[in-house]
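Peer 1: Enclosed is the structure file upload25.cif (mmCIF, C-alpha atoms and all ligand atoms).
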```cif
data_input
loop_
_atom_site.label_atom_id
_atom_site.label_comp_id
_atom_site.auth_asym_id
_atom_site.auth_seq_id
_atom_site.Cartn_x
_atom_site.Cartn_y
_atom_site.Cartn_z
CA THR A 1 0.00 0.00 0.00
CA GLN A 2 1.33 3.42 -0.92
CA ALA A 3 1.73 5.90 1.93
CA THR A 4 -0.35 9.08 1.66
CA PRO A 5 0.89 11.46 4.35
CA LEU A 6 -1.67 14.04 5.41
CA LEU A 7 -1.08 17.66 4.46
CA THR A 8 -3.58 19.14 6.89
CA MET A 9 -4.79 17.83 10.22
CA PHE A 10 -7.51 15.20 9.79
CA ASN A 11 -9.05 13.08 12.55
CA ILE A 12 -10.99 9.89 11.97
CA ILE A 13 -13.26 7.75 14.13
CA LEU A 14 -13.38 4.12 13.09
CA PHE A 15 -16.72 2.98 14.43
CA GLY A 16 -18.53 -0.34 14.63
CA PRO A 17 -19.55 -3.20 16.90
CA PRO A 18 -17.01 -5.49 18.62
CA GLY A 19 -15.35 -7.66 16.01
CA SER A 20 -16.27 -5.43 13.09
CA GLY A 21 -12.62 -5.06 12.04
CA LYS A 22 -11.71 -1.77 13.71
CA GLY A 23 -8.39 -2.97 15.09
CA THR A 24 -7.50 -4.78 11.87
CA GLN A 25 -8.24 -1.81 9.60
CA SER A 26 -6.67 0.71 12.01
CA GLU A 27 -3.24 -0.85 11.63
CA MET A 28 -3.43 -0.46 7.85
CA LEU A 29 -4.90 3.05 7.92
CA ILE A 30 -2.27 4.49 10.27
CA ALA A 31 0.47 3.05 8.04
CA LYS A 32 -1.06 4.65 4.96
CA TYR A 33 -1.95 8.08 6.34
CA GLY A 34 0.58 8.58 9.14
CA LEU A 35 -2.11 8.99 11.79
CA ILE A 36 -1.61 8.39 15.51
CA HIS A 37 -3.63 5.29 16.51
CA LEU A 38 -5.61 5.68 19.73
CA SER A 39 -7.35 2.45 20.73
CA THR A 40 -8.91 2.56 24.17
CA GLY A 41 -9.11 -1.25 24.13
CA ASP A 42 -5.34 -1.48 23.53
CA ILE A 43 -4.57 1.11 26.21
CA LEU A 44 -6.77 -0.77 28.71
CA ARG A 45 -5.13 -4.11 27.87
CA LYS A 46 -1.69 -2.52 28.47
CA GLU A 47 -2.87 -1.35 31.89
CA ILE A 48 -4.10 -4.88 32.63
CA ALA A 49 -0.78 -6.41 31.52
CA ALA A 50 1.13 -3.94 33.73
CA GLY A 51 -1.10 -4.81 36.69
CA THR A 52 -1.94 -1.18 37.51
CA PRO A 53 -4.92 -0.35 39.78
CA LEU A 54 -6.74 0.99 36.69
CA GLY A 55 -5.96 -2.27 34.86
CA LEU A 56 -7.32 -4.37 37.71
CA GLU A 57 -10.55 -2.36 37.79
CA ALA A 58 -10.88 -2.49 33.99
CA LYS A 59 -10.28 -6.25 33.75
CA SER A 60 -13.26 -7.18 35.88
CA ILE A 61 -15.50 -4.91 33.79
CA MET A 62 -14.15 -6.05 30.41
CA ASP A 63 -14.46 -9.72 31.38
CA LYS A 64 -18.19 -9.15 31.82
CA GLY A 65 -18.45 -7.50 28.39
CA GLU A 66 -19.41 -4.17 29.93
CA LEU A 67 -18.02 -0.68 29.29
CA VAL A 68 -15.34 0.87 31.49
CA PRO A 69 -16.61 4.13 33.14
CA ASP A 70 -16.62 7.20 30.87
CA GLU A 71 -14.37 9.31 33.13
CA VAL A 72 -11.67 6.63 33.02
CA VAL A 73 -11.48 6.35 29.22
CA ILE A 74 -11.94 10.10 28.68
CA GLY A 75 -8.95 10.68 30.99
CA MET A 76 -6.90 8.16 29.00
CA ILE A 77 -7.70 9.87 25.70
CA SER A 78 -7.02 13.32 27.13
CA SER A 79 -3.52 12.20 28.22
CA ALA A 80 -2.86 10.55 24.86
CA LEU A 81 -3.83 13.73 22.98
CA GLU A 82 -1.50 15.77 25.18
CA ALA A 83 1.31 13.29 24.66
CA ASN A 84 1.16 13.81 20.88
CA PRO A 85 1.28 17.57 20.23
CA GLU A 86 2.88 17.17 16.81
CA ALA A 87 0.31 14.67 15.42
CA LYS A 88 -0.94 15.19 11.86
CA GLY A 89 -4.16 13.49 12.85
CA PHE A 90 -5.62 10.84 15.12
CA LEU A 91 -7.41 7.60 14.34
CA PHE A 92 -9.81 6.81 17.19
CA ASP A 93 -10.52 3.08 17.42
CA GLY A 94 -13.10 1.84 19.93
CA PHE A 95 -13.61 5.39 21.22
CA PRO A 96 -16.03 7.15 21.68
CA ARG A 97 -18.35 4.36 22.84
CA THR A 98 -21.01 6.54 24.53
CA THR A 99 -22.46 9.95 23.66
CA ALA A 100 -20.81 11.34 26.83
CA GLN A 101 -17.44 10.19 25.45
CA ALA A 102 -18.30 11.73 22.07
CA SER A 103 -19.09 15.18 23.46
CA ALA A 104 -15.99 15.05 25.70
CA LEU A 105 -13.89 14.22 22.64
CA ASP A 106 -15.35 17.14 20.70
CA LYS A 107 -14.36 19.50 23.52
CA LEU A 108 -10.84 18.07 23.78
CA LEU A 109 -10.30 18.44 20.04
CA GLN A 110 -11.74 21.96 20.07
CA LEU A 111 -9.09 22.93 22.62
CA LYS A 112 -6.49 21.75 20.11
CA GLY A 113 -8.16 23.79 17.35
CA THR A 114 -9.30 20.74 15.45
CA GLU A 115 -12.32 18.40 15.06
CA ILE A 116 -13.47 15.02 13.79
CA GLY A 117 -13.29 14.91 9.99
CA ILE A 118 -15.23 11.71 9.44
CA VAL A 119 -16.81 8.76 11.25
CA LEU A 120 -16.36 5.55 9.27
CA ALA A 121 -18.92 3.04 10.54
CA LEU A 122 -18.26 -0.62 9.73
CA GLU A 123 -21.43 -2.68 9.24
CA VAL A 124 -21.25 -6.40 10.02
CA SER A 125 -24.03 -8.88 10.84
CA GLU A 126 -24.29 -10.20 14.39
CA GLU A 127 -23.74 -13.78 13.26
CA GLU A 128 -20.44 -12.81 11.59
CA LEU A 129 -19.33 -10.78 14.65
CA VAL A 130 -19.76 -13.74 16.99
CA LYS A 131 -17.96 -16.04 14.55
CA ARG A 132 -14.97 -13.67 14.23
CA LEU A 133 -14.62 -13.04 17.95
CA LEU A 134 -14.83 -16.73 18.91
CA ASN A 135 -12.24 -17.41 16.23
CA ARG A 136 -9.91 -14.71 17.58
CA GLY A 137 -10.40 -16.12 21.07
CA LEU A 138 -8.70 -19.34 19.97
CA THR A 139 -5.35 -17.53 19.66
CA SER A 140 -5.57 -14.00 21.12
CA GLY A 141 -5.46 -14.91 24.79
CA ARG A 142 -8.18 -12.29 25.28
CA SER A 143 -10.50 -13.54 28.01
CA ASP A 144 -13.39 -11.49 26.60
CA ASP A 145 -13.23 -13.40 23.29
CA THR A 146 -13.37 -16.98 24.51
CA ASN A 147 -16.90 -17.10 25.87
CA GLU A 148 -20.03 -16.66 23.76
CA VAL A 149 -22.00 -15.28 26.73
CA VAL A 150 -19.49 -12.43 27.14
CA ILE A 151 -19.38 -11.79 23.38
CA THR A 152 -23.18 -11.52 23.28
CA ALA A 153 -23.03 -9.15 26.27
CA ARG A 154 -20.52 -6.94 24.42
CA ILE A 155 -22.78 -6.78 21.38
CA ALA A 156 -25.79 -5.97 23.59
CA GLU A 157 -23.78 -3.21 25.32
CA TYR A 158 -22.92 -1.83 21.87
CA ARG A 159 -26.59 -1.71 20.83
CA LYS A 160 -27.65 -0.16 24.14
CA LYS A 161 -24.95 2.50 24.62
CA THR A 162 -22.65 2.77 21.61
CA SER A 163 -24.90 2.76 18.54
CA ALA A 164 -26.24 6.19 19.67
CA VAL A 165 -22.77 7.62 19.00
CA ALA A 166 -23.46 7.26 15.26
CA ASP A 167 -26.67 9.31 15.68
CA TYR A 168 -24.69 11.94 17.57
CA TYR A 169 -22.30 12.41 14.63
CA GLN A 170 -25.07 12.00 12.04
CA GLN A 171 -26.48 15.38 13.12
CA PHE A 172 -23.19 16.96 11.95
CA ASP A 173 -23.32 14.95 8.72
CA LYS A 174 -20.06 13.17 9.53
CA VAL A 175 -21.02 9.48 9.30
CA LYS A 176 -20.25 7.21 6.37
CA ASN A 177 -21.44 3.61 6.57
CA ILE A 178 -19.05 1.05 5.15
CA GLN A 179 -19.77 -2.59 4.30
CA GLY A 180 -17.58 -4.43 6.83
CA GLU A 181 -17.98 -7.93 5.35
CA GLY A 182 -15.61 -9.04 2.63
CA SER A 183 -11.84 -9.40 2.47
CA VAL A 184 -9.65 -7.20 4.67
CA GLU A 185 -8.18 -5.64 1.48
CA GLU A 186 -11.61 -4.90 -0.03
CA ILE A 187 -12.75 -3.15 3.13
CA PHE A 188 -9.47 -1.22 3.35
CA THR A 189 -10.03 0.06 -0.21
CA LEU A 190 -13.56 1.24 0.67
CA LEU A 191 -12.26 3.06 3.76
CA SER A 192 -9.30 4.62 1.93
CA ASN A 193 -11.51 5.85 -0.93
CA GLU A 194 -13.79 7.54 1.56
CA ILE A 195 -10.88 9.24 3.33
CA ASP A 196 -9.24 10.30 0.06
CA SER A 197 -12.49 11.94 -1.08
CA ARG A 198 -12.44 14.18 2.03
CA LEU A 199 -8.78 15.23 2.01
P1 LIG B 1 -11.88 -3.28 21.94
O1 LIG B 1 -10.45 -3.58 22.14
O2 LIG B 1 -12.23 -2.01 21.27
O3 LIG B 1 -12.45 -4.58 21.21
P2 LIG B 1 -13.34 -4.91 19.97
O4 LIG B 1 -14.39 -3.86 19.77
O5 LIG B 1 -13.76 -6.28 20.19
O6 LIG B 1 -12.28 -4.96 18.81
P3 LIG B 1 -12.27 -4.74 17.27
O7 LIG B 1 -13.59 -4.38 16.66
O8 LIG B 1 -11.14 -3.79 17.07
O9 LIG B 1 -11.82 -6.17 16.76
P4 LIG B 1 -11.49 -6.51 15.23
O10 LIG B 1 -12.78 -6.34 14.53
O11 LIG B 1 -10.33 -5.79 14.73
O12 LIG B 1 -12.67 -3.31 23.33
C1 LIG B 1 -12.56 -4.34 24.28
C2 LIG B 1 -13.25 -3.94 25.60
O13 LIG B 1 -12.56 -2.81 26.19
C3 LIG B 1 -14.69 -3.49 25.52
O14 LIG B 1 -15.60 -4.57 25.56
C4 LIG B 1 -14.81 -2.58 26.78
O15 LIG B 1 -14.99 -3.34 27.94
C5 LIG B 1 -13.45 -1.93 26.87
N1 LIG B 1 -13.41 -0.62 26.21
C6 LIG B 1 -12.64 -0.30 25.12
N2 LIG B 1 -12.85 0.97 24.74
C7 LIG B 1 -13.76 1.49 25.62
C8 LIG B 1 -14.41 2.75 25.73
N3 LIG B 1 -14.16 3.75 24.87
N4 LIG B 1 -15.31 2.93 26.73
C9 LIG B 1 -15.57 1.95 27.59
N5 LIG B 1 -15.02 0.72 27.53
C10 LIG B 1 -14.12 0.48 26.55
O16 LIG B 1 -11.12 -7.99 15.22
C11 LIG B 1 -12.04 -9.04 15.41
C12 LIG B 1 -11.61 -10.29 14.67
O17 LIG B 1 -12.13 -10.24 13.36
C13 LIG B 1 -10.10 -10.47 14.52
O18 LIG B 1 -9.78 -11.81 14.81
C14 LIG B 1 -9.83 -10.17 13.07
O19 LIG B 1 -8.76 -10.90 12.54
C15 LIG B 1 -11.14 -10.58 12.39
N6 LIG B 1 -11.41 -9.82 11.19
C16 LIG B 1 -11.15 -8.50 10.96
N7 LIG B 1 -11.55 -8.15 9.72
C17 LIG B 1 -12.06 -9.28 9.13
C18 LIG B 1 -12.63 -9.55 7.84
N8 LIG B 1 -12.77 -8.62 6.91
N9 LIG B 1 -13.07 -10.82 7.60
C19 LIG B 1 -12.95 -11.79 8.54
N10 LIG B 1 -12.40 -11.58 9.76
C20 LIG B 1 -11.96 -10.34 10.07
#
```
Please express what this file holds, its structure, as structure tokens.
Ligand code: B4P
Peer 2:
Amino acid sequence: TQATPLLTMFNIILFGPPGSGKGTQSEMLIAKYGLIHLSTGDILRKEIAAGTPLGLEAKSIMDKGELVPDEVVIGMISSALEANPEAKGFLFDGFPRTTAQASALDKLLQLKGTEIGIVLALEVSEEELVKRLLNRGLTSGRSDDTNEVVITARIAEYRKKTSAVADYYQQFDKVKNIQGEGSVEEIFTLLSNEIDSRL
């Protein structure tokens, strides 16, 4: 894939249910566009691995398939934004997951004189999500992927609290739905085309 460094600041939210391919596509998008990748799931798993008090609290919540409290993840994102003053743009992966997180993010970006450019929403059927996550659970070592009850709880949590985030950004005309089933390369092309059309 050819690199396309950004000329002006551009921030992207990669949105979608658990297992929709956000993590997978993020890795490819940051390589292509030179964005800073901010995945709240990854940051939380690092805290768990390091055995910090925050990690211990997060693990028990994540293992139930529930969302970590808003103030915790908003604090994490605020620190990450401050730690990257020279960024050409951020790719938010798995954040925001509630409308409270979305409005906090808007305020944080406003303070930096920037905003969300686009929300790319991956659409994948529930049957496919469960299949992918159980499959990842065979090798990932992620305790939240091994059990179908927890996976179903994560999807239910998404429908209850996270899907409203798309409505929040819809009012600003920032959401683009993307077919999230197909090969990783096909989906990457759809996402890249959408980004290129906005740059
Ligand atoms: P995350 O780490 O964000 O986990 P996720 O949504 O399951 O991951 P993702 O969607 O990136 O997985 P991907 O499709 O790439 O969150 C984990 C937990 O952390 C949450 O449940 C919550 O407790 C907590 N948390 C995180 N952020 C939070 C926040 N902001 N607020 C509160 N709590 C928060 O990968 C899935 C699988 O599909 C992979 O195996 C991949 O190889 C496969 N796959 C990808 N694309 C495919 C394709 N096209 N075809 C077939 N398979 C594909």
Peer 1: Go through A:Met62, A:Val73, A:Val119, A:Leu29 and flag the residue nearest A:Ala153, using only C-alpha atoms for the distances.
Peer 2: A:Met62
Peer 1: So that each row is one residue of chain A with an atom at most 6 Å from ligand LIG 1 (chain B), can you give its shortest atom pair and the distance in Å to one decimal, using only C-alpha atoms and all ligand atoms, rows by chain and rising number, as a Markdown table?
Peer 2:
```
| residue | atom | partner | partner_atom | distance |
| --- | --- | --- | --- | --- |
| A:Pro17 | CA | B:LIG1 | O4 | 5.9 |
| A:Pro18 | CA | B:LIG1 | O4 | 3.3 |
| A:Gly19 | CA | B:LIG1 | O10 | 3.2 |
| A:Ser20 | CA | B:LIG1 | O10 | 3.9 |
| A:Gly21 | CA | B:LIG1 | O10 | 2.8 |
| A:Lys22 | CA | B:LIG1 | O8 | 4.0 |
| A:Gly23 | CA | B:LIG1 | O11 | 3.4 |
| A:Thr24 | CA | B:LIG1 | O11 | 4.1 |
| A:Thr40 | CA | B:LIG1 | N2 | 4.3 |
| A:Gly41 | CA | B:LIG1 | O1 | 3.3 |
| A:Asp42 | CA | B:LIG1 | O1 | 5.7 |
| A:Met62 | CA | B:LIG1 | O15 | 3.8 |
| A:Gly65 | CA | B:LIG1 | O14 | 5.0 |
| A:Glu66 | CA | B:LIG1 | O15 | 4.9 |
| A:Leu67 | CA | B:LIG1 | N5 | 3.7 |
| A:Val68 | CA | B:LIG1 | N5 | 4.0 |
| A:Val73 | CA | B:LIG1 | N4 | 5.7 |
| A:Gly94 | CA | B:LIG1 | O2 | 4.2 |
| A:Phe95 | CA | B:LIG1 | N3 | 4.0 |
| A:Pro96 | CA | B:LIG1 | N3 | 5.0 |
| A:Arg97 | CA | B:LIG1 | N3 | 4.7 |
| A:Arg132 | CA | B:LIG1 | O17 | 4.5 |
| A:Leu133 | CA | B:LIG1 | C12 | 5.2 |
| A:Arg136 | CA | B:LIG1 | O18 | 4.0 |
| A:Arg154 | CA | B:LIG1 | O14 | 5.6 |
| A:Glu181 | CA | B:LIG1 | N8 | 5.5 |
| A:Gly182 | CA | B:LIG1 | N8 | 5.2 |
| A:Ser183 | CA | B:LIG1 | N8 | 4.6 |
| A:Val184 | CA | B:LIG1 | N8 | 4.1 |
```
Peer 1: Kindly indicate which residue among A:Ser197, A:Ser163, A:Asn177, A:Asn147 lies nearest to A:Asp63, using all atoms listed in the file for the distances.
Peer 2: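 Once distances to A:Asp63 are computed over all atoms listed in the file, the minimum belongs to A:Asn147.
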Peer 1: In Å, rounded to a single decimal, give me how far atom CA of A:Gln2 is from atom CA of A:Ala31.
Peer 2: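 Separating atom CA of A:Ala31 from atom CA of A:Gln2 is a distance of 9.0 Å.
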Peer 1: Looking at all atoms listed in the file, which of A:Ile74, A:Ile118, A:Ile61, A:Gly180 is the one that sits closest to A:Ile195?
Peer 2: A:Ile118
Peer 1: Give me the residues within 12 Å of A:Ile13 as a PDB file with C-alpha atoms, in the coordinates of the input, counting all atoms listed in the file and dropping any in the same chain fewer than 3 places off.
Peer 2:
```pdb
ATOM      1  CA  PHE A  10      -7.510  15.200   9.790  1.00  0.00           C
ATOM      2  CA  GLY A  16     -18.530  -0.340  14.630  1.00  0.00           C
ATOM      3  CA  LYS A  22     -11.710  -1.770  13.710  1.00  0.00           C
ATOM      4  CA  GLY A  23      -8.390  -2.970  15.090  1.00  0.00           C
ATOM      5  CA  GLN A  25      -8.240  -1.810   9.600  1.00  0.00           C
ATOM      6  CA  SER A  26      -6.670   0.710  12.010  1.00  0.00           C
ATOM      7  CA  LEU A  29      -4.900   3.050   7.920  1.00  0.00           C
ATOM      8  CA  LEU A  35      -2.110   8.990  11.790  1.00  0.00           C
ATOM      9  CA  ILE A  36      -1.610   8.390  15.510  1.00  0.00           C
ATOM     10  CA  HIS A  37      -3.630   5.290  16.510  1.00  0.00           C
ATOM     11  CA  LEU A  38      -5.610   5.680  19.730  1.00  0.00           C
ATOM     12  CA  SER A  39      -7.350   2.450  20.730  1.00  0.00           C
ATOM     13  CA  GLY A  89      -4.160  13.490  12.850  1.00  0.00           C
ATOM     14  CA  PHE A  90      -5.620  10.840  15.120  1.00  0.00           C
ATOM     15  CA  LEU A  91      -7.410   7.600  14.340  1.00  0.00           C
ATOM     16  CA  PHE A  92      -9.810   6.810  17.190  1.00  0.00           C
ATOM     17  CA  ASP A  93     -10.520   3.080  17.420  1.00  0.00           C
ATOM     18  CA  GLY A  94     -13.100   1.840  19.930  1.00  0.00           C
ATOM     19  CA  PHE A  95     -13.610   5.390  21.220  1.00  0.00           C
ATOM     20  CA  PRO A  96     -16.030   7.150  21.680  1.00  0.00           C
ATOM     21  CA  ARG A  97     -18.350   4.360  22.840  1.00  0.00           C
ATOM     22  CA  ALA A 102     -18.300  11.730  22.070  1.00  0.00           C
ATOM     23  CA  LEU A 105     -13.890  14.220  22.640  1.00  0.00           C
ATOM     24  CA  ASP A 106     -15.350  17.140  20.700  1.00  0.00           C
ATOM     25  CA  GLU A 115     -12.320  18.400  15.060  1.00  0.00           C
ATOM     26  CA  ILE A 116     -13.470  15.020  13.790  1.00  0.00           C
ATOM     27  CA  GLY A 117     -13.290  14.910   9.990  1.00  0.00           C
ATOM     28  CA  ILE A 118     -15.230  11.710   9.440  1.00  0.00           C
ATOM     29  CA  VAL A 119     -16.810   8.760  11.250  1.00  0.00           C
ATOM     30  CA  LEU A 120     -16.360   5.550   9.270  1.00  0.00           C
ATOM     31  CA  ALA A 121     -18.920   3.040  10.540  1.00  0.00           C
ATOM     32  CA  LEU A 122     -18.260  -0.620   9.730  1.00  0.00           C
ATOM     33  CA  VAL A 165     -22.770   7.620  19.000  1.00  0.00           C
ATOM     34  CA  ALA A 166     -23.460   7.260  15.260  1.00  0.00           C
ATOM     35  CA  TYR A 169     -22.300  12.410  14.630  1.00  0.00           C
ATOM     36  CA  LYS A 174     -20.060  13.170   9.530  1.00  0.00           C
ATOM     37  CA  VAL A 175     -21.020   9.480   9.300  1.00  0.00           C
ATOM     38  CA  LYS A 176     -20.250   7.210   6.370  1.00  0.00           C
ATOM     39  CA  ASN A 177     -21.440   3.610   6.570  1.00  0.00           C
ATOM     40  CA  LEU A 191     -12.260   3.060   3.760  1.00  0.00           C
ATOM     41  CA  ILE A 195     -10.880   9.240   3.330  1.00  0.00           C
TER      42      ILE A 195
END
```
Peer 1: Please measure the separation of atom CA of A:Asn135 and atom CA of A:Thr162, giving the value in Å to one decimal.
Peer 2: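 Interatomic distance here is 23.3 Å.
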Peer 1: The centre and edge lengths of an axis-aligned box containing all atoms of stretch 146-155 of chain A present in the file, extended by 3 Å on each side, are to be given in Å to one decimal, as AutoDock Vina command-line options.
Peer 2:
```
--center_x -18.3 --center_y -11.9 --center_z 24.3 --size_x 15.8 --size_y 16.3 --size_z 11.8
```
Peer 1: So how many Å separate atom CA of A:Glu123 and atom CA of A:Ile48, to one decimal?
Peer 2: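 That distance, rounded to one decimal, is 29.2 Å.
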Peer 1: Near A:Glu47, within 12 Å and counting all atoms listed in the file, which residues show up once chain neighbours fewer than 4 positions away are dropped, as a PyMOL selection string?
Peer 2: chain A and resi 40-43+51-59+72-73+76
Peer 1: Choose the residue, out of A:Ser60, A:Thr152, A:Met28, A:Gln110, that has the smallest atom-to-atom separation from A:Glu185; count all atoms listed in the file.
Peer 2: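 For A:Glu185, the nearest of the given residues is A:Met28.
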Peer 1: Counting all atoms listed in the file, which of A:Lys131, A:Ile30, A:Ser103, A:Leu109 gets nearest to A:Ala80?
Peer 2: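 For A:Ala80, the nearest of the given residues is A:Leu109.
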Peer 1: Output requested as an mmCIF file, in the frame of the given file - stretch 136-163 of chain A, filled out with N, CA and C atoms.
Peer 2:
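What ended up in rebuild-v7.cif:
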```cif
data_model
loop_
_atom_site.group_PDB
_atom_site.id
_atom_site.type_symbol
_atom_site.label_atom_id
_atom_site.label_comp_id
_atom_site.auth_asym_id
_atom_site.auth_seq_id
_atom_site.Cartn_x
_atom_site.Cartn_y
_atom_site.Cartn_z
ATOM 1 N N ARG A 136 -11.069 -15.419 17.026
ATOM 2 C CA ARG A 136 -9.910 -14.710 17.580
ATOM 3 C C ARG A 136 -9.573 -15.247 18.964
ATOM 4 N N GLY A 137 -10.608 -15.595 19.716
ATOM 5 C CA GLY A 137 -10.400 -16.120 21.070
ATOM 6 C C GLY A 137 -9.552 -17.373 21.117
ATOM 7 N N LEU A 138 -9.499 -18.104 19.996
ATOM 8 C CA LEU A 138 -8.700 -19.340 19.970
ATOM 9 C C LEU A 138 -7.213 -19.032 20.111
ATOM 10 N N THR A 139 -6.789 -17.840 19.654
ATOM 11 C CA THR A 139 -5.350 -17.530 19.660
ATOM 12 C C THR A 139 -4.980 -16.236 20.389
ATOM 13 N N SER A 140 -5.939 -15.332 20.633
ATOM 14 C CA SER A 140 -5.570 -14.000 21.120
ATOM 15 C C SER A 140 -5.208 -13.971 22.596
ATOM 16 N N GLY A 141 -5.660 -14.960 23.355
ATOM 17 C CA GLY A 141 -5.460 -14.910 24.790
ATOM 18 C C GLY A 141 -6.361 -13.876 25.462
ATOM 19 N N ARG A 142 -7.280 -13.282 24.697
ATOM 20 C CA ARG A 142 -8.180 -12.290 25.280
ATOM 21 C C ARG A 142 -9.345 -13.002 25.958
ATOM 22 N N SER A 143 -9.470 -12.806 27.277
ATOM 23 C CA SER A 143 -10.500 -13.540 28.010
ATOM 24 C C SER A 143 -11.906 -13.129 27.588
ATOM 25 N N ASP A 144 -12.043 -11.909 27.018
ATOM 26 C CA ASP A 144 -13.390 -11.490 26.600
ATOM 27 C C ASP A 144 -13.796 -12.067 25.247
ATOM 28 N N ASP A 145 -12.897 -12.801 24.590
ATOM 29 C CA ASP A 145 -13.230 -13.400 23.290
ATOM 30 C C ASP A 145 -13.534 -14.893 23.349
ATOM 31 N N THR A 146 -13.290 -15.517 24.494
ATOM 32 C CA THR A 146 -13.370 -16.980 24.510
ATOM 33 C C THR A 146 -14.775 -17.501 24.807
ATOM 34 N N ASN A 147 -15.630 -16.630 25.337
ATOM 35 C CA ASN A 147 -16.900 -17.100 25.870
ATOM 36 C C ASN A 147 -18.054 -16.416 25.128
ATOM 37 N N GLU A 148 -18.939 -17.225 24.576
ATOM 38 C CA GLU A 148 -20.030 -16.660 23.760
ATOM 39 C C GLU A 148 -20.977 -15.786 24.580
ATOM 40 N N VAL A 149 -21.113 -16.099 25.877
ATOM 41 C CA VAL A 149 -22.000 -15.280 26.730
ATOM 42 C C VAL A 149 -21.445 -13.860 26.831
ATOM 43 N N VAL A 150 -20.123 -13.748 27.017
ATOM 44 C CA VAL A 150 -19.490 -12.430 27.140
ATOM 45 C C VAL A 150 -19.550 -11.687 25.796
ATOM 46 N N ILE A 151 -19.331 -12.415 24.714
ATOM 47 C CA ILE A 151 -19.380 -11.790 23.380
ATOM 48 C C ILE A 151 -20.777 -11.216 23.127
ATOM 49 N N THR A 152 -21.801 -12.000 23.461
ATOM 50 C CA THR A 152 -23.180 -11.520 23.280
ATOM 51 C C THR A 152 -23.438 -10.303 24.157
ATOM 52 N N ALA A 153 -22.866 -10.304 25.377
ATOM 53 C CA ALA A 153 -23.030 -9.150 26.270
ATOM 54 C C ALA A 153 -22.377 -7.914 25.670
ATOM 55 N N ARG A 154 -21.205 -8.081 25.034
ATOM 56 C CA ARG A 154 -20.520 -6.940 24.420
ATOM 57 C C ARG A 154 -21.351 -6.361 23.277
ATOM 58 N N ILE A 155 -21.955 -7.260 22.502
ATOM 59 C CA ILE A 155 -22.780 -6.780 21.380
ATOM 60 C C ILE A 155 -24.024 -6.067 21.910
ATOM 61 N N ALA A 156 -24.599 -6.604 22.989
ATOM 62 C CA ALA A 156 -25.790 -5.970 23.590
ATOM 63 C C ALA A 156 -25.427 -4.586 24.140
ATOM 64 N N GLU A 157 -24.264 -4.487 24.769
ATOM 65 C CA GLU A 157 -23.780 -3.210 25.320
ATOM 66 C C GLU A 157 -23.593 -2.187 24.170
ATOM 67 N N TYR A 158 -23.096 -2.687 23.060
ATOM 68 C CA TYR A 158 -22.920 -1.830 21.870
ATOM 69 C C TYR A 158 -24.279 -1.277 21.420
ATOM 70 N N ARG A 159 -25.273 -2.163 21.304
ATOM 71 C CA ARG A 159 -26.590 -1.710 20.830
ATOM 72 C C ARG A 159 -27.207 -0.721 21.813
ATOM 73 N N LYS A 160 -27.015 -0.978 23.113
ATOM 74 C CA LYS A 160 -27.650 -0.160 24.140
ATOM 75 C C LYS A 160 -26.980 1.211 24.273
ATOM 76 N N LYS A 161 -25.646 1.239 24.283
ATOM 77 C CA LYS A 161 -24.950 2.500 24.620
ATOM 78 C C LYS A 161 -24.134 3.088 23.481
ATOM 79 N N THR A 162 -23.614 2.248 22.587
ATOM 80 C CA THR A 162 -22.650 2.770 21.610
ATOM 81 C C THR A 162 -23.288 3.161 20.288
ATOM 82 N N SER A 163 -24.339 2.445 19.863
ATOM 83 C CA SER A 163 -24.900 2.760 18.540
ATOM 84 C C SER A 163 -25.388 4.215 18.483
#
```
